[in-house]
Amino acid sequence: MNFQLTEEQILIQKTSREFADTELAPGVVERDEKKIWPKEGIKKMGELGFMGMMTDPKWNGEGMDTISYTIAMEEISRVEASASVVMSVNNSLVCYLLEKFASDHIKEKYLKSLASGDKLGAFSLSEPQSGSDASNMQTIANKKGDHYLISGIKNWVTNGINSDYVILFAVTEKGVGHKGISCFIVEKGGDGFETGKPENKLGIRASDTCELYFDSVKVPEENLIGNEGEGFKIALTTLDGGRIGIAAQALGIAQASLNASVSYSKERIQFGKPISTFQAIQFKIADMAIEIEAARLLVRQSAWRKDQKQSYSHLASMAKVYASEVAMRASTQCVQIHGGFGYMRESGIERLMRDAKITQIYEGTSEIQRLVIAKSLIK
Ligand code: COS
């Protein structure tokens, strides 16, 4: 067993860490407060190759392994989770899905520009009545000659506003449950395609989330990904990998919480001493560090298994459920250590707690992850 990162992985860590500290840290609190999308940061992430990290260079990606991707996700999330979610969706939900399931025609036409960061993708599965119960979707795609007409509503779509292309799941055959769901790539802005207003969120406020409305949107048949009826399995397979990315995001938020706690506790004087000298604070810091190391092992192990082409669905769920709960605990303790200051918006500390919360919800709630884990044990 070798826990040593490769030279390439160390380089990715250094590059993403420096990028996050120099390019994303300035203005991060204001972007969160005012819901300003990190446009410049995302553009630079594309230039650095962070938008198609695992995609084959043949399709303009970087051809890196999943461990490298989790390292970059962790570093960027440490500074701005709103930026890392944009990266995560484009990498693990959009580029991965297209590379694995789409035709060469789609890869040539869409994947190349998505992996290079020139275009941005979104992934739209959820609907008002179907979140965890993902197969209960109502959006319909009716075949008419050489195209489909798609109608319905998708919600909680990350990158919904700023994306160019949307991965869309819709029903092509009613009454057969998940076997009637198909997957498409749809260009934004066509007739009947409307983008909703930005949602006002608790956390990751600088990222954009919205509803998408489809009213008989015409989509050419060559934009079907895989075969009709394969959409649900494509979605779940893709989400397995996505969950590793979100686990890495949670890890970054937890690490940021620990870093801030250590440095503030050494500076903050109470009762004539730095609060870091008090055991009550030391125990909180120690507990955070233990849990973060354990979460990192789960994240890296699930990524490693994916790279080794071993089954990893249950481990991705374990990594996500554990890392997201660690992020929640660490960020809450971080606010506690910072006291009144940490509760103030301008401190940037309470943001960690608000950002952590979504990692327990999106790409499958903690409850769904536990179902996936239990199913893998009981089957
Ligand atoms: N990869 C590929 N296929 C999978 C899979 C996976 N990880 N998990 C299940 N499947 C397949 C099953 O094998 C089954 O296929 P068959 O009918 O051919 O045997 C099919 O998918 C349906 O499986 P199942 O009956 O277990 O589906 P359920 O409807 O009970 O749902 C859960 C399973 C709850 C795990 C799934 O709906 C889920 O993950 N929901 C959360 C969705 C989510 O993450 N939403 C967030 C959206 S992105 S922000």
# chains A, B, ... in the order shown; residues from 1 in each chain; ligands from 1
>>> select_by_dssp(residues="stretch 34-107 of chain A", states="alpha helix (DSSP H)", output="PDB file with N, CA, C and O atoms, in the first residue's frame")
ATOM      1  N   LYS A  34     -22.952  38.971  -2.397  1.00  0.00           N
ATOM      2  CA  LYS A  34     -23.721  39.599  -3.479  1.00  0.00           C
ATOM      3  C   LYS A  34     -24.103  38.637  -4.588  1.00  0.00           C
ATOM      4  O   LYS A  34     -24.598  39.057  -5.635  1.00  0.00           O
ATOM      5  N   LYS A  39     -16.643  34.654 -12.489  1.00  0.00           N
ATOM      6  CA  LYS A  39     -16.397  34.529 -13.929  1.00  0.00           C
ATOM      7  C   LYS A  39     -14.901  34.419 -14.277  1.00  0.00           C
ATOM      8  O   LYS A  39     -14.485  33.530 -15.013  1.00  0.00           O
ATOM      9  N   GLU A  40     -14.119  35.349 -13.715  1.00  0.00           N
ATOM     10  CA  GLU A  40     -12.685  35.354 -14.027  1.00  0.00           C
ATOM     11  C   GLU A  40     -12.013  34.076 -13.544  1.00  0.00           C
ATOM     12  O   GLU A  40     -11.190  33.475 -14.233  1.00  0.00           O
ATOM     13  N   GLY A  41     -12.379  33.673 -12.320  1.00  0.00           N
ATOM     14  CA  GLY A  41     -11.801  32.452 -11.730  1.00  0.00           C
ATOM     15  C   GLY A  41     -12.112  31.235 -12.580  1.00  0.00           C
ATOM     16  O   GLY A  41     -11.238  30.393 -12.838  1.00  0.00           O
ATOM     17  N   ILE A  42     -13.348  31.146 -13.046  1.00  0.00           N
ATOM     18  CA  ILE A  42     -13.750  29.975 -13.847  1.00  0.00           C
ATOM     19  C   ILE A  42     -12.994  29.985 -15.180  1.00  0.00           C
ATOM     20  O   ILE A  42     -12.538  28.934 -15.658  1.00  0.00           O
ATOM     21  N   LYS A  43     -12.833  31.178 -15.750  1.00  0.00           N
ATOM     22  CA  LYS A  43     -12.105  31.277 -17.028  1.00  0.00           C
ATOM     23  C   LYS A  43     -10.663  30.776 -16.832  1.00  0.00           C
ATOM     24  O   LYS A  43     -10.155  29.965 -17.615  1.00  0.00           O
ATOM     25  N   LYS A  44     -10.042  31.217 -15.735  1.00  0.00           N
ATOM     26  CA  LYS A  44      -8.651  30.796 -15.477  1.00  0.00           C
ATOM     27  C   LYS A  44      -8.582  29.299 -15.166  1.00  0.00           C
ATOM     28  O   LYS A  44      -7.605  28.629 -15.520  1.00  0.00           O
ATOM     29  N   MET A  45      -9.613  28.783 -14.532  1.00  0.00           N
ATOM     30  CA  MET A  45      -9.626  27.340 -14.250  1.00  0.00           C
ATOM     31  C   MET A  45      -9.622  26.565 -15.572  1.00  0.00           C
ATOM     32  O   MET A  45      -8.976  25.520 -15.689  1.00  0.00           O
ATOM     33  N   GLY A  46     -10.328  27.080 -16.549  1.00  0.00           N
ATOM     34  CA  GLY A  46     -10.326  26.459 -17.880  1.00  0.00           C
ATOM     35  C   GLY A  46      -8.930  26.510 -18.494  1.00  0.00           C
ATOM     36  O   GLY A  46      -8.421  25.510 -19.016  1.00  0.00           O
ATOM     37  N   GLU A  47      -8.282  27.677 -18.379  1.00  0.00           N
ATOM     38  CA  GLU A  47      -6.933  27.831 -18.961  1.00  0.00           C
ATOM     39  C   GLU A  47      -5.926  26.896 -18.290  1.00  0.00           C
ATOM     40  O   GLU A  47      -4.996  26.404 -18.925  1.00  0.00           O
ATOM     41  N   THR A  66      -8.394  10.234 -11.302  1.00  0.00           N
ATOM     42  CA  THR A  66      -9.430  10.793 -10.421  1.00  0.00           C
ATOM     43  C   THR A  66      -8.819  11.330  -9.128  1.00  0.00           C
ATOM     44  O   THR A  66      -9.334  12.283  -8.537  1.00  0.00           O
ATOM     45  N   ILE A  67      -7.705  10.729  -8.696  1.00  0.00           N
ATOM     46  CA  ILE A  67      -7.054  11.235  -7.474  1.00  0.00           C
ATOM     47  C   ILE A  67      -6.606  12.686  -7.693  1.00  0.00           C
ATOM     48  O   ILE A  67      -6.839  13.554  -6.843  1.00  0.00           O
ATOM     49  N   SER A  68      -6.005  12.950  -8.855  1.00  0.00           N
ATOM     50  CA  SER A  68      -5.581  14.338  -9.146  1.00  0.00           C
ATOM     51  C   SER A  68      -6.779  15.279  -9.109  1.00  0.00           C
ATOM     52  O   SER A  68      -6.705  16.403  -8.601  1.00  0.00           O
ATOM     53  N   TYR A  69      -7.891  14.787  -9.671  1.00  0.00           N
ATOM     54  CA  TYR A  69      -9.103  15.605  -9.684  1.00  0.00           C
ATOM     55  C   TYR A  69      -9.570  15.920  -8.257  1.00  0.00           C
ATOM     56  O   TYR A  69      -9.914  17.064  -7.935  1.00  0.00           O
ATOM     57  N   THR A  70      -9.530  14.919  -7.372  1.00  0.00           N
ATOM     58  CA  THR A  70      -9.989  15.179  -5.994  1.00  0.00           C
ATOM     59  C   THR A  70      -9.038  16.141  -5.279  1.00  0.00           C
ATOM     60  O   THR A  70      -9.470  16.932  -4.446  1.00  0.00           O
ATOM     61  N   ILE A  71      -7.768  16.064  -5.634  1.00  0.00           N
ATOM     62  CA  ILE A  71      -6.793  16.971  -5.004  1.00  0.00           C
ATOM     63  C   ILE A  71      -7.097  18.417  -5.403  1.00  0.00           C
ATOM     64  O   ILE A  71      -7.148  19.323  -4.564  1.00  0.00           O
ATOM     65  N   ALA A  72      -7.327  18.621  -6.698  1.00  0.00           N
ATOM     66  CA  ALA A  72      -7.640  19.980  -7.169  1.00  0.00           C
ATOM     67  C   ALA A  72      -8.981  20.450  -6.592  1.00  0.00           C
ATOM     68  O   ALA A  72      -9.124  21.605  -6.175  1.00  0.00           O
ATOM     69  N   MET A  73      -9.960  19.538  -6.556  1.00  0.00           N
ATOM     70  CA  MET A  73     -11.264  19.901  -5.983  1.00  0.00           C
ATOM     71  C   MET A  73     -11.107  20.319  -4.516  1.00  0.00           C
ATOM     72  O   MET A  73     -11.704  21.294  -4.077  1.00  0.00           O
ATOM     73  N   GLU A  74     -10.306  19.562  -3.781  1.00  0.00           N
ATOM     74  CA  GLU A  74     -10.114  19.895  -2.360  1.00  0.00           C
ATOM     75  C   GLU A  74      -9.493  21.287  -2.206  1.00  0.00           C
ATOM     76  O   GLU A  74      -9.962  22.103  -1.413  1.00  0.00           O
ATOM     77  N   GLU A  75      -8.447  21.546  -2.985  1.00  0.00           N
ATOM     78  CA  GLU A  75      -7.738  22.830  -2.846  1.00  0.00           C
ATOM     79  C   GLU A  75      -8.624  24.007  -3.224  1.00  0.00           C
ATOM     80  O   GLU A  75      -8.612  25.053  -2.577  1.00  0.00           O
ATOM     81  N   ILE A  76      -9.383  23.859  -4.300  1.00  0.00           N
ATOM     82  CA  ILE A  76     -10.233  24.973  -4.754  1.00  0.00           C
ATOM     83  C   ILE A  76     -11.407  25.163  -3.788  1.00  0.00           C
ATOM     84  O   ILE A  76     -11.767  26.293  -3.447  1.00  0.00           O
ATOM     85  N   SER A  77     -11.945  24.062  -3.278  1.00  0.00           N
ATOM     86  CA  SER A  77     -13.059  24.150  -2.320  1.00  0.00           C
ATOM     87  C   SER A  77     -12.619  24.761  -0.994  1.00  0.00           C
ATOM     88  O   SER A  77     -13.422  25.361  -0.291  1.00  0.00           O
ATOM     89  N   ARG A  78     -11.352  24.586  -0.678  1.00  0.00           N
ATOM     90  CA  ARG A  78     -10.801  25.163   0.562  1.00  0.00           C
ATOM     91  C   ARG A  78     -10.984  26.687   0.551  1.00  0.00           C
ATOM     92  O   ARG A  78     -11.143  27.320   1.583  1.00  0.00           O
ATOM     93  N   VAL A  79     -10.970  27.257  -0.651  1.00  0.00           N
ATOM     94  CA  VAL A  79     -11.070  28.716  -0.752  1.00  0.00           C
ATOM     95  C   VAL A  79     -12.460  29.156  -1.235  1.00  0.00           C
ATOM     96  O   VAL A  79     -13.049  30.081  -0.688  1.00  0.00           O
ATOM     97  N   ALA A  81     -15.991  27.284  -2.450  1.00  0.00           N
ATOM     98  CA  ALA A  81     -16.819  26.130  -2.835  1.00  0.00           C
ATOM     99  C   ALA A  81     -17.758  26.495  -3.993  1.00  0.00           C
ATOM    100  O   ALA A  81     -18.155  25.624  -4.771  1.00  0.00           O
ATOM    101  N   SER A  82     -18.093  27.775  -4.117  1.00  0.00           N
ATOM    102  CA  SER A  82     -18.952  28.202  -5.232  1.00  0.00           C
ATOM    103  C   SER A  82     -18.244  28.009  -6.575  1.00  0.00           C
ATOM    104  O   SER A  82     -18.887  27.770  -7.591  1.00  0.00           O
ATOM    105  N   ALA A  83     -16.913  28.151  -6.580  1.00  0.00           N
ATOM    106  CA  ALA A  83     -16.155  27.937  -7.825  1.00  0.00           C
ATOM    107  C   ALA A  83     -15.963  26.439  -8.051  1.00  0.00           C
ATOM    108  O   ALA A  83     -16.053  25.950  -9.182  1.00  0.00           O
ATOM    109  N   SER A  84     -15.720  25.700  -6.971  1.00  0.00           N
ATOM    110  CA  SER A  84     -15.433  24.277  -7.166  1.00  0.00           C
ATOM    111  C   SER A  84     -16.668  23.499  -7.611  1.00  0.00           C
ATOM    112  O   SER A  84     -16.537  22.483  -8.286  1.00  0.00           O
ATOM    113  N   VAL A  85     -17.863  23.966  -7.268  1.00  0.00           N
ATOM    114  CA  VAL A  85     -19.046  23.215  -7.721  1.00  0.00           C
ATOM    115  C   VAL A  85     -19.223  23.367  -9.239  1.00  0.00           C
ATOM    116  O   VAL A  85     -19.660  22.439  -9.918  1.00  0.00           O
ATOM    117  N   VAL A  86     -18.824  24.513  -9.760  1.00  0.00           N
ATOM    118  CA  VAL A  86     -18.902  24.724 -11.213  1.00  0.00           C
ATOM    119  C   VAL A  86     -17.962  23.731 -11.895  1.00  0.00           C
ATOM    120  O   VAL A  86     -18.316  23.060 -12.871  1.00  0.00           O
ATOM    121  N   MET A  87     -16.758  23.642 -11.338  1.00  0.00           N
ATOM    122  CA  MET A  87     -15.738  22.720 -11.853  1.00  0.00           C
ATOM    123  C   MET A  87     -16.204  21.265 -11.726  1.00  0.00           C
ATOM    124  O   MET A  87     -16.059  20.460 -12.659  1.00  0.00           O
ATOM    125  N   SER A  88     -16.791  20.955 -10.581  1.00  0.00           N
ATOM    126  CA  SER A  88     -17.221  19.578 -10.330  1.00  0.00           C
ATOM    127  C   SER A  88     -18.303  19.135 -11.322  1.00  0.00           C
ATOM    128  O   SER A  88     -18.237  18.047 -11.892  1.00  0.00           O
ATOM    129  N   TYR A  96     -17.403  13.673 -18.005  1.00  0.00           N
ATOM    130  CA  TYR A  96     -17.307  12.225 -17.773  1.00  0.00           C
ATOM    131  C   TYR A  96     -18.430  11.493 -18.501  1.00  0.00           C
ATOM    132  O   TYR A  96     -18.202  10.490 -19.182  1.00  0.00           O
ATOM    133  N   LEU A  97     -19.658  11.993 -18.341  1.00  0.00           N
ATOM    134  CA  LEU A  97     -20.818  11.341 -18.976  1.00  0.00           C
ATOM    135  C   LEU A  97     -20.645  11.301 -20.495  1.00  0.00           C
ATOM    136  O   LEU A  97     -20.855  10.259 -21.133  1.00  0.00           O
ATOM    137  N   LEU A  98     -20.228  12.427 -21.065  1.00  0.00           N
ATOM    138  CA  LEU A  98     -20.099  12.472 -22.535  1.00  0.00           C
ATOM    139  C   LEU A  98     -19.003  11.519 -23.001  1.00  0.00           C
ATOM    140  O   LEU A  98     -19.172  10.791 -23.987  1.00  0.00           O
ATOM    141  N   GLU A  99     -17.884  11.521 -22.314  1.00  0.00           N
ATOM    142  CA  GLU A  99     -16.785  10.656 -22.749  1.00  0.00           C
ATOM    143  C   GLU A  99     -17.179   9.185 -22.671  1.00  0.00           C
ATOM    144  O   GLU A  99     -16.860   8.392 -23.545  1.00  0.00           O
ATOM    145  N   LYS A 100     -17.915   8.829 -21.603  1.00  0.00           N
ATOM    146  CA  LYS A 100     -18.246   7.424 -21.391  1.00  0.00           C
ATOM    147  C   LYS A 100     -19.413   6.959 -22.279  1.00  0.00           C
ATOM    148  O   LYS A 100     -19.408   5.831 -22.758  1.00  0.00           O
ATOM    149  N   PHE A 101     -20.392   7.818 -22.487  1.00  0.00           N
ATOM    150  CA  PHE A 101     -21.627   7.330 -23.109  1.00  0.00           C
ATOM    151  C   PHE A 101     -21.969   7.935 -24.474  1.00  0.00           C
ATOM    152  O   PHE A 101     -22.833   7.391 -25.170  1.00  0.00           O
ATOM    153  N   ASP A 104     -19.147   9.670 -30.989  1.00  0.00           N
ATOM    154  CA  ASP A 104     -18.002  10.503 -31.383  1.00  0.00           C
ATOM    155  C   ASP A 104     -18.473  11.841 -31.953  1.00  0.00           C
ATOM    156  O   ASP A 104     -17.805  12.867 -31.786  1.00  0.00           O
ATOM    157  N   HIS A 105     -19.630  11.817 -32.617  1.00  0.00           N
ATOM    158  CA  HIS A 105     -20.172  13.059 -33.178  1.00  0.00           C
ATOM    159  C   HIS A 105     -20.404  14.080 -32.043  1.00  0.00           C
ATOM    160  O   HIS A 105     -20.018  15.253 -32.144  1.00  0.00           O
ATOM    161  N   ILE A 106     -21.026  13.606 -30.943  1.00  0.00           N
ATOM    162  CA  ILE A 106     -21.295  14.503 -29.797  1.00  0.00           C
ATOM    163  C   ILE A 106     -19.983  14.917 -29.139  1.00  0.00           C
ATOM    164  O   ILE A 106     -19.802  16.079 -28.762  1.00  0.00           O
TER     165      ILE A 106
END
>>> residues_near_ligand(ligand="ligand 1", cutoff="6 Å", atoms="only C-alpha atoms and all ligand atoms", output="count of residues only")
17
>>> closest_atom_pairs(of="stretch 196-231 of chain A", to="stretch 144-154 of chain A", cutoff="12 Å", atoms="only C-alpha atoms", output="Markdown table")
| residue | atom | partner | partner_atom | distance |
| --- | --- | --- | --- | --- |
| A:Gly196 | CA | A:Lys154 | CA | 9.8 |
| A:Thr209 | CA | A:Lys154 | CA | 11.0 |
| A:Cys210 | CA | A:Lys154 | CA | 8.6 |
| A:Glu211 | CA | A:Lys154 | CA | 5.5 |
| A:Leu212 | CA | A:Lys154 | CA | 5.1 |
| A:Tyr213 | CA | A:Ile153 | CA | 4.8 |
| A:Phe214 | CA | A:Ser151 | CA | 4.6 |
| A:Asp215 | CA | A:Ser151 | CA | 4.6 |
| A:Ser216 | CA | A:Leu149 | CA | 4.8 |
| A:Val217 | CA | A:Ile150 | CA | 5.0 |
| A:Lys218 | CA | A:Leu149 | CA | 4.8 |
| A:Val219 | CA | A:Tyr148 | CA | 5.2 |
| A:Pro220 | CA | A:His147 | CA | 4.2 |
| A:Glu221 | CA | A:His147 | CA | 4.6 |
| A:Glu222 | CA | A:His147 | CA | 8.0 |
| A:Asn223 | CA | A:His147 | CA | 8.8 |
| A:Leu224 | CA | A:Tyr148 | CA | 9.0 |
| A:Glu228 | CA | A:Tyr148 | CA | 11.5 |
>>> closest_residue(among="A:Leu377, A:Asp21, A:Lys306, A:Leu258", to="A:Ile285", atoms="only C-alpha atoms")
A:Leu258
>>> closest_residue(among="A:Gln4, A:Ser116, A:Gln13, A:Thr359", to="A:Met53", atoms="only C-alpha atoms")
A:Ser116
>>> select_by_dssp(residues="stretch 245-340 of chain A", states="strand (DSSP E or B)", output="MDAnalysis selection string")
chainID A and resid 269:270 273:274
>>> residues_around(residues="A:Val176", least_positions_apart="5", cutoff="12 Å", atoms="only C-alpha atoms", output="ChimeraX atom specification")
/A:135-137,171,181,229,232
>>> write_last_selection(atoms="all heavy atoms", output="tab-separated table (two decimals), in the first residue's frame")
chain	number	residue	atom	x	y	z
A	135	SER	N	-36.22	8.70	-10.61
A	135	SER	CA	-36.86	8.12	-11.82
A	135	SER	C	-38.30	8.60	-12.01
A	135	SER	O	-38.91	8.36	-13.04
A	135	SER	CB	-36.82	6.59	-11.76
A	135	SER	OG	-37.60	6.13	-10.69
A	136	ASN	N	-38.82	9.33	-11.02
A	136	ASN	CA	-40.21	9.80	-11.10
A	136	ASN	C	-40.31	11.13	-11.86
A	136	ASN	O	-41.00	12.05	-11.46
A	136	ASN	CB	-40.76	9.95	-9.68
A	136	ASN	CG	-42.20	10.39	-9.65
A	136	ASN	OD1	-42.98	10.02	-10.54
A	136	ASN	ND2	-42.57	11.18	-8.66
A	137	MET	N	-39.59	11.23	-12.97
A	137	MET	CA	-39.59	12.52	-13.69
A	137	MET	C	-40.78	12.62	-14.65
A	137	MET	O	-41.32	11.61	-15.10
A	137	MET	CB	-38.26	12.72	-14.41
A	137	MET	CG	-37.96	11.74	-15.50
A	137	MET	SD	-36.37	12.09	-16.28
A	137	MET	CE	-35.22	11.84	-14.96
A	171	VAL	N	-38.38	11.52	-20.26
A	171	VAL	CA	-39.08	10.26	-20.50
A	171	VAL	C	-39.38	10.11	-21.99
A	171	VAL	O	-40.02	10.97	-22.59
A	171	VAL	CB	-40.40	10.23	-19.69
A	171	VAL	CG1	-41.22	8.99	-20.02
A	171	VAL	CG2	-40.11	10.31	-18.20
A	181	ILE	N	-36.53	6.23	-19.40
A	181	ILE	CA	-35.82	7.52	-19.31
A	181	ILE	C	-34.62	7.54	-20.27
A	181	ILE	O	-33.89	6.55	-20.38
A	181	ILE	CB	-35.34	7.76	-17.86
A	181	ILE	CG1	-36.57	7.95	-16.95
A	181	ILE	CG2	-34.42	8.97	-17.78
A	181	ILE	CD1	-36.24	7.99	-15.47
A	229	GLY	N	-34.03	4.79	-23.26
A	229	GLY	CA	-34.26	3.92	-22.10
A	229	GLY	C	-33.02	3.70	-21.24
A	229	GLY	O	-33.12	3.10	-20.16
A	232	PHE	N	-31.52	6.49	-17.19
A	232	PHE	CA	-31.44	6.41	-15.72
A	232	PHE	C	-30.12	5.79	-15.27
A	232	PHE	O	-29.46	6.26	-14.35
A	232	PHE	CB	-32.64	5.63	-15.17
A	232	PHE	CG	-32.81	5.76	-13.68
A	232	PHE	CD1	-33.05	7.00	-13.09
A	232	PHE	CD2	-32.72	4.65	-12.84
A	232	PHE	CE1	-33.20	7.13	-11.70
A	232	PHE	CE2	-32.87	4.77	-11.46
A	232	PHE	CZ	-33.12	6.01	-10.89
>>> closest_residue(among="A:Gly160, A:Gly177, A:Gly192, A:Gly348", to="A:Asp208", atoms="only C-alpha atoms")
A:Gly160
>>> residues_around(residues="stretch 161-163 of chain A", least_positions_apart="6", cutoff="12 Å", atoms="only C-alpha atoms", output="ChimeraX atom specification")
/A:36-39,42-43,86-87,89-90,94,113-114,117-124,155,186-189,193-199,206-213
>>> closest_residue(among="A:Ile167, A:Ala280, A:Ile358, A:Ala374", to="A:Gln336", atoms="only C-alpha atoms")
A:Ala280
>>> atom_distance(atom1="atom CA of A:Leu297", atom2="atom CA of A:Asp56")
25.9 Å
>>> closest_residue(among="A:Asp164, A:Ile290, A:Gly27, A:Gly203", to="A:Gly190", atoms="only C-alpha atoms")
A:Asp164
>>> atom_distance(atom1="atom CA of A:Ala170", atom2="atom CA of A:Thr139")
5.0 Å
>>> atom_distance(atom1="atom CA of A:Thr172", atom2="atom CA of A:Ala141")
5.1 Å
>>> residues_around(residues="stretch 315-320 of chain A", least_positions_apart="4", cutoff="6 Å", atoms="only C-alpha atoms", output="ChimeraX atom specification")
/A:243-244,247,298-299,302,324,369
>>> closest_residue(among="A:Gly180, A:Pro128, A:Gly342, A:Gly245", to="A:Arg296", atoms="only C-alpha atoms")
A:Gly245
